[in-house]
Amino acid sequence: MEVFLRSKSFFVHVVLIFGFLGAPRVYASEPSLTLDYYTSTCPTVFDVVRKEMECAVTSDPRNAAFILRLHFHDCFIQGCDGSILLDDTITLKGEKTAATNIHSLKGFGLIDKIKNIAESDCPGIVSCADILTIAARDAVILVGGPYWDVPVGRKDSVTASFELANTNLPTPDESLLSIMSKFLYQGLSVTDMVALSGAHTIGMARCPSFRSRIYGDFGSTSIKNPISESYLSNLKSICPPIRGGNNNITAMDYVTPYLFDNSFYQILLNGEGLLNSDQEMYSSIFGIETRELVKKYAADPLAFFQQFSDSMVKMGNIINSESLINGEVRKNCRFVNT
Ligand code: HEM
Ligand SMILES: *[C@@H]1O[C@H](CO)[C@@H](O)[C@H](O)[C@H]1NC(C)=O
């Protein structure tokens with residue numbers, strides 16, 4: 001399919017994708033979420049989340065990255081419904097062991113901690129999906145990123161999907177067009193994709209996520225200068241070519257690893273993106289639109305912040321309509337209520 005699509009125009013591509021996958025079952029911008037959903041039932045919830053996130057991010061800024069990624073992975077699998085938080089049980093196969101998540105997705109304990117406090121303040125009121133969405137917003141602020149209002153009122157799913165976790169989430173060695181189609185399928189645009197990828201301005205990647213990049217085209221996309229060359233050789237010393245070093249990690253934004261800023265895009269302009277998928281937004285011959293957006297956000301941090309905020313709200317509004325009807329407020333984020 002990929003080879004065939006690559007020879008066609010982008011518009012033909014989009015048509016084919018929707019023809020292939022069927023119309024998206026979830027839509028962004030559902031009107032059912034509101035800013036004041038908890039105003040009378042749990043007025044303290046925003047303060048509780050903020051306070052715990054402040055504590056966690058101060059003690060280790062990586063916690064901000066964990067929570068932000070967790071929210072993204074929640075929303076791309078049957079909507080933002082807390083399905084990612086469910087543990088495997090005899091009757092339920094969760095999403096935590098899917099290829100992109102296993103050994104990689106973290107922050108579950110922090111969400112448990114916040115949920116426990118929310119339950120003692122207002123039992124049975126605040127969904128895990130909402131806690132995760134609010135926590136992701138606070139994570140971004142706490143490392144220097146933009147503020148946005150978080151619409152709430154999500155319900156937690158009573159199901160999870162290991163299969164969708166394996167098919168819907170983008171992977172670092174996937175082609176640009178294929179990743180684009182995964183965002184379009186969720187009702188998100190190419191602009192949303194480029195802006196949301198700016199989340200890689202914080203956090204770390206493991207060696208298997210960037211191995212093919214550093215032993216692949218890194219040398220040819222990057223500018224030939226001593227800093228870039230020593231960066232690449234340092235990456236190679238962290239991550240051996242064949243196997244091993246699988247738990248070795250490095251920052252995706254080596255300039256300011258724990259500051260939420262636009263240096264991620266400047267790194268892409270230098271051809272030094274750590275993940276193949278990130279660099280493709282600037283370097284791929286299919287990335288005409290994405291390249292312009294990368295340039296824009298590299299030059300204009302405010303434009304990046306504004307678009308990131310808007311796109312985060314849009315992503316957070318991917319609703320699992322089934323959960324809104326059959327969903328619940330879980331007592332424990334790891335298990336459906338009995
Ligand atoms: C565009 C497609 C995307 C791809 C292919 C992708 C892929 C990846 C990969 C491979 C890692 C490293 C994981 C590891 O090695 O353990 C990662 C980390 C991360 N991703 Fe993405 N990602 C994408 C989009 C996003 C989006 C939309 C967000 C949030 C809005 C996000 C947030 C993060 C964060 C914060 C980390 C760092 C996590 C940590 O420090 O452990 N990513 N991503
Ligand atoms: C992991 O990284 C360290 C340096 O950060 C390096 O000394 C070690 O050799 C790496 N492990 C492998 C298997 O390459």
# chains A, B, ... in the order shown; residues from 1 in each chain; ligands from 1
$ residues_near_ligand --ligand "ligand 2" --cutoff "7 Å" --atoms "only C-alpha atoms and all ligand atoms" --output "MDAnalysis selection string"
chainID A and resid 237:240 244:245 248
$ residues_near_ligand --ligand "ligand 1" --cutoff "6 Å" --atoms "only C-alpha atoms and all ligand atoms" --output "CSV table (one decimal) with all heavy atoms, in the first residue's frame"
chain,number,residue,atom,x,y,z
A,62,ARG,N,11.4,14.4,34.4
A,62,ARG,CA,10.9,13.4,33.5
A,62,ARG,C,9.5,13.0,33.7
A,62,ARG,O,8.8,12.6,32.7
A,62,ARG,CB,11.8,12.2,33.6
A,62,ARG,CG,11.5,11.0,32.7
A,62,ARG,CD,12.5,10.8,31.6
A,62,ARG,NE,12.1,9.8,30.6
A,62,ARG,CZ,12.6,8.6,30.6
A,62,ARG,NH1,13.5,8.2,31.5
A,62,ARG,NH2,12.2,7.7,29.7
A,65,ALA,N,7.2,14.5,31.2
A,65,ALA,CA,7.3,13.8,29.9
A,65,ALA,C,6.4,12.5,30.0
A,65,ALA,O,5.7,12.2,29.0
A,65,ALA,CB,8.7,13.5,29.5
A,66,PHE,N,6.6,11.8,31.0
A,66,PHE,CA,5.8,10.5,31.2
A,66,PHE,C,4.3,10.8,31.1
A,66,PHE,O,3.6,10.1,30.4
A,66,PHE,CB,6.1,9.9,32.6
A,66,PHE,CG,7.4,9.3,32.7
A,66,PHE,CD1,8.0,9.2,34.0
A,66,PHE,CD2,8.1,8.7,31.6
A,66,PHE,CE1,9.3,8.7,34.1
A,66,PHE,CE2,9.4,8.1,31.8
A,66,PHE,CZ,10.0,8.1,33.1
A,68,LEU,N,2.6,13.4,29.8
A,68,LEU,CA,2.2,14.0,28.5
A,68,LEU,C,2.1,12.8,27.5
A,68,LEU,O,1.1,12.8,26.8
A,68,LEU,CB,3.2,15.0,28.1
A,68,LEU,CG,3.0,15.7,26.8
A,68,LEU,CD1,1.6,16.4,26.7
A,68,LEU,CD2,4.1,16.8,26.5
A,69,ARG,N,3.1,12.0,27.5
A,69,ARG,CA,3.0,10.8,26.5
A,69,ARG,C,1.9,9.9,26.8
A,69,ARG,O,1.2,9.4,25.9
A,69,ARG,CB,4.4,10.1,26.5
A,69,ARG,CG,4.4,9.0,25.5
A,69,ARG,CD,5.8,8.5,25.2
A,69,ARG,NE,5.9,7.7,24.1
A,69,ARG,CZ,6.4,6.4,24.1
A,69,ARG,NH1,6.8,5.9,25.2
A,69,ARG,NH2,6.4,5.7,23.0
A,72,PHE,N,-1.3,11.2,25.4
A,72,PHE,CA,-1.4,11.0,24.0
A,72,PHE,C,-1.7,9.5,23.6
A,72,PHE,O,-2.6,9.2,22.8
A,72,PHE,CB,0.0,11.4,23.4
A,72,PHE,CG,0.4,10.8,22.1
A,72,PHE,CD1,-0.5,11.0,21.0
A,72,PHE,CD2,1.6,10.2,21.8
A,72,PHE,CE1,-0.1,10.5,19.7
A,72,PHE,CE2,2.0,9.7,20.6
A,72,PHE,CZ,1.1,9.9,19.5
A,104,SER,N,8.3,1.1,28.2
A,104,SER,CA,8.5,2.5,27.7
A,104,SER,C,7.6,3.5,28.4
A,104,SER,O,7.9,4.6,28.7
A,104,SER,CB,8.4,2.5,26.2
A,104,SER,OG,8.4,3.8,25.7
A,170,PRO,N,1.6,5.8,16.3
A,170,PRO,CA,2.7,5.9,15.4
A,170,PRO,C,4.0,5.4,16.0
A,170,PRO,O,4.2,5.4,17.2
A,170,PRO,CB,2.8,7.4,15.2
A,170,PRO,CG,2.2,8.0,16.4
A,170,PRO,CD,1.2,7.1,16.9
A,171,THR,N,4.9,4.9,15.1
A,171,THR,CA,6.2,4.4,15.5
A,171,THR,C,7.3,5.2,14.9
A,171,THR,O,7.1,5.8,13.8
A,171,THR,CB,6.3,2.9,15.2
A,171,THR,OG1,6.1,2.7,13.8
A,171,THR,CG2,5.2,2.1,15.9
A,172,PRO,N,8.5,5.2,15.5
A,172,PRO,CA,9.5,6.1,15.0
A,172,PRO,C,10.1,5.8,13.7
A,172,PRO,O,10.7,6.6,13.0
A,172,PRO,CB,10.6,6.0,16.1
A,172,PRO,CG,10.3,4.7,16.8
A,172,PRO,CD,8.9,4.4,16.7
A,193,MET,N,-0.5,17.5,13.9
A,193,MET,CA,0.6,16.5,14.0
A,193,MET,C,1.9,17.2,14.2
A,193,MET,O,2.7,16.8,15.1
A,193,MET,CB,0.7,15.6,12.7
A,193,MET,CG,1.7,14.6,12.8
A,193,MET,SD,2.0,13.8,11.2
A,193,MET,CE,3.2,14.9,10.6
A,196,LEU,N,1.9,18.9,17.8
A,196,LEU,CA,1.9,18.0,18.9
A,196,LEU,C,3.2,17.2,19.0
A,196,LEU,O,3.7,16.9,20.1
A,196,LEU,CB,0.7,17.0,18.8
A,196,LEU,CG,-0.7,17.6,19.0
A,196,LEU,CD1,-1.7,16.6,18.6
A,196,LEU,CD2,-0.8,18.0,20.4
A,197,SER,N,3.9,17.0,17.9
A,197,SER,CA,5.2,16.4,17.9
A,197,SER,C,6.2,17.2,18.7
A,197,SER,O,7.2,16.7,19.1
A,197,SER,CB,5.7,16.1,16.5
A,197,SER,OG,4.9,15.2,15.8
A,199,ALA,N,6.0,18.1,21.5
A,199,ALA,CA,6.1,17.5,22.8
A,199,ALA,C,7.5,16.8,23.0
A,199,ALA,O,7.9,16.7,24.1
A,199,ALA,CB,5.0,16.4,23.0
A,200,HIS,N,8.1,16.4,21.9
A,200,HIS,CA,9.4,15.8,22.0
A,200,HIS,C,10.5,16.9,22.4
A,200,HIS,O,11.7,16.5,22.4
A,200,HIS,CB,9.8,15.1,20.7
A,200,HIS,CG,9.0,13.9,20.5
A,200,HIS,ND1,9.0,13.2,19.3
A,200,HIS,CD2,8.1,13.2,21.3
A,200,HIS,CE1,8.1,12.2,19.4
A,200,HIS,NE2,7.6,12.2,20.5
A,202,ILE,N,10.6,17.7,25.3
A,202,ILE,CA,11.0,17.2,26.6
A,202,ILE,C,11.0,15.7,26.5
A,202,ILE,O,10.4,15.1,25.6
A,202,ILE,CB,10.0,17.6,27.7
A,202,ILE,CG1,8.5,17.1,27.4
A,202,ILE,CG2,10.0,19.1,28.0
A,202,ILE,CD1,7.5,17.2,28.6
A,203,GLY,N,11.8,15.1,27.4
A,203,GLY,CA,11.7,13.6,27.6
A,203,GLY,C,12.8,12.9,26.8
A,203,GLY,O,13.6,13.5,26.1
A,204,MET,N,12.8,11.6,27.0
A,204,MET,CA,13.9,10.7,26.5
A,204,MET,C,13.4,9.6,25.6
A,204,MET,O,12.2,9.3,25.6
A,204,MET,CB,14.5,10.0,27.7
A,204,MET,CG,14.8,10.9,28.9
A,204,MET,SD,16.2,12.1,28.6
A,204,MET,CE,17.6,11.1,29.0
A,205,ALA,N,14.3,9.1,24.8
A,205,ALA,CA,14.0,7.9,24.0
A,205,ALA,C,15.0,6.9,24.2
A,205,ALA,O,16.2,7.2,24.6
A,205,ALA,CB,14.0,8.3,22.5
A,206,ARG,N,14.6,5.6,24.1
A,206,ARG,CA,15.5,4.5,24.3
A,206,ARG,C,16.2,4.1,23.0
A,206,ARG,O,15.7,4.3,21.9
A,206,ARG,CB,14.7,3.3,24.9
A,206,ARG,CG,14.2,3.4,26.3
A,206,ARG,CD,13.1,2.3,26.6
A,206,ARG,NE,12.2,2.3,25.4
A,206,ARG,CZ,11.9,1.2,24.8
A,206,ARG,NH1,12.4,0.0,25.1
A,206,ARG,NH2,11.1,1.2,23.7
A,209,SER,N,14.6,3.0,19.8
A,209,SER,CA,13.8,4.0,19.1
A,209,SER,C,14.6,4.9,18.2
A,209,SER,O,14.0,5.5,17.3
A,209,SER,CB,13.1,4.9,20.1
A,209,SER,OG,12.3,4.2,21.0
A,277,SER,N,11.1,9.6,12.6
A,277,SER,CA,9.7,10.2,12.3
A,277,SER,C,9.8,11.7,12.5
A,277,SER,O,9.1,12.4,11.8
A,277,SER,CB,8.7,9.5,13.3
A,277,SER,OG,9.2,9.5,14.6
$ residues_around --residues "Tyr147 of chain A" --least-positions-apart "2" --cutoff "12 Å" --atoms "only C-alpha atoms" --output "PyMOL selection string"
chain A and resi 134-145+149-150+260+305-310+312-313
$ residues_around --residues "segment 320-329 of chain A" --least-positions-apart "2" --cutoff "6 Å" --atoms "only C-alpha atoms" --output "list of chain:residue names"
A:Gln78, A:Gly79, A:Ser127, A:Lys155, A:Asp156, A:Ser157
$ select_by_dssp --residues "segment 44-110 of chain A" --states "helix (DSSP H, G or I)" --output "ChimeraX atom specification"
/A:45-59,62-75,83-85,108-110
$ closest_residue --among "A:Asn225, A:Ser175, A:Pro257, A:Asn234" --to "Ser284 of chain A" --atoms "only C-alpha atoms"
A:Ser175
$ atom_distance --atom1 "atom CA of Leu110 of chain A" --atom2 "atom CA of Asp47 of chain A"
15.3 Å
$ select_by_dssp --residues "segment 69-252 of chain A" --states "strand (DSSP E)" --output "PDB file with N, CA and C atoms, in the first residue's frame"
ATOM      1  N   MET A 204      12.798  11.583  26.979  1.00  0.00           N
ATOM      2  CA  MET A 204      13.888  10.719  26.516  1.00  0.00           C
ATOM      3  C   MET A 204      13.381   9.634  25.587  1.00  0.00           C
ATOM      4  N   ALA A 205      14.296   9.117  24.771  1.00  0.00           N
ATOM      5  CA  ALA A 205      13.996   7.942  23.955  1.00  0.00           C
ATOM      6  C   ALA A 205      15.029   6.859  24.246  1.00  0.00           C
ATOM      7  N   ARG A 206      14.595   5.611  24.133  1.00  0.00           N
ATOM      8  CA  ARG A 206      15.485   4.473  24.343  1.00  0.00           C
ATOM      9  C   ARG A 206      16.201   4.118  23.033  1.00  0.00           C
ATOM     10  N   ILE A 249      19.208   5.494  27.383  1.00  0.00           N
ATOM     11  CA  ILE A 249      18.304   6.562  26.925  1.00  0.00           C
ATOM     12  C   ILE A 249      19.063   7.849  26.644  1.00  0.00           C
ATOM     13  N   THR A 250      18.448   8.682  25.809  1.00  0.00           N
ATOM     14  CA  THR A 250      18.997  10.019  25.584  1.00  0.00           C
ATOM     15  C   THR A 250      17.859  10.991  25.286  1.00  0.00           C
ATOM     16  N   ALA A 251      18.123  12.280  25.487  1.00  0.00           N
ATOM     17  CA  ALA A 251      17.082  13.291  25.296  1.00  0.00           C
ATOM     18  C   ALA A 251      16.774  13.475  23.814  1.00  0.00           C
TER      19      ALA A 251
END
$ atom_distance --atom1 "atom CA of Thr41 of chain A" --atom2 "atom CA of Thr338 of chain A"
23.1 Å
$ residues_around --residues "segment 74-76 of chain A" --least-positions-apart "3" --cutoff "7 Å" --atoms "only C-alpha atoms" --output "PyMOL selection string"
chain A and resi 70-71+79-84+168-169+315-316+318
$ write_last_selection --atoms "N, CA, C and O atoms" --output "CSV table (one decimal), in the first residue's frame"
chain,number,residue,atom,x,y,z
A,70,LEU,N,1.7,9.6,28.1
A,70,LEU,CA,0.6,8.8,28.6
A,70,LEU,C,-0.8,9.3,28.1
A,70,LEU,O,-1.6,8.5,27.6
A,71,HIS,N,-1.0,10.5,28.2
A,71,HIS,CA,-2.2,11.1,27.7
A,71,HIS,C,-2.4,11.0,26.2
A,71,HIS,O,-3.5,10.6,25.7
A,79,GLY,N,-10.2,6.7,21.9
A,79,GLY,CA,-10.5,8.0,22.6
A,79,GLY,C,-9.9,8.2,23.9
A,79,GLY,O,-9.4,7.2,24.5
A,80,CYS,N,-9.9,9.4,24.5
A,80,CYS,CA,-9.4,9.7,25.8
A,80,CYS,C,-10.3,9.1,26.9
A,80,CYS,O,-11.2,9.9,27.4
A,81,ASP,N,-10.1,7.9,27.2
A,81,ASP,CA,-11.1,7.2,28.1
A,81,ASP,C,-10.4,6.4,29.2
A,81,ASP,O,-11.0,5.6,29.9
A,82,GLY,N,-9.1,6.7,29.5
A,82,GLY,CA,-8.4,6.1,30.5
A,82,GLY,C,-8.1,4.6,30.2
A,82,GLY,O,-7.6,3.9,31.1
A,83,SER,N,-8.3,4.2,29.0
A,83,SER,CA,-8.1,2.7,28.7
A,83,SER,C,-6.6,2.4,28.9
A,83,SER,O,-6.3,1.2,29.3
A,84,ILE,N,-5.7,3.3,28.6
A,84,ILE,CA,-4.3,3.0,28.7
A,84,ILE,C,-3.9,2.7,30.2
A,84,ILE,O,-2.8,2.0,30.4
A,168,ASN,N,-2.9,1.8,16.0
A,168,ASN,CA,-3.2,3.2,15.9
A,168,ASN,C,-2.0,4.1,16.3
A,168,ASN,O,-2.0,5.3,15.9
A,169,LEU,N,-1.1,3.6,17.1
A,169,LEU,CA,-0.1,4.5,17.6
A,169,LEU,C,1.1,4.6,16.6
A,169,LEU,O,1.5,3.6,16.0
A,315,MET,N,-6.9,17.1,20.7
A,315,MET,CA,-6.6,15.7,21.0
A,315,MET,C,-7.3,15.2,22.2
A,315,MET,O,-7.8,14.1,22.2
A,316,GLY,N,-7.4,16.1,23.2
A,316,GLY,CA,-8.1,15.7,24.5
A,316,GLY,C,-9.6,15.5,24.3
A,316,GLY,O,-10.3,14.9,25.1
A,318,ILE,N,-10.9,13.9,21.7
A,318,ILE,CA,-11.2,12.7,21.0
A,318,ILE,C,-12.0,11.8,21.9
A,318,ILE,O,-11.5,11.3,22.9
$ closest_residue --among "A:Phe335, A:Arg291, A:Thr256, A:Val126" --to "Asp88 of chain A" --atoms "only C-alpha atoms"
A:Phe335
$ atom_distance --atom1 "atom CA of Phe108 of chain A" --atom2 "atom CA of Tyr254 of chain A"
25.7 Å
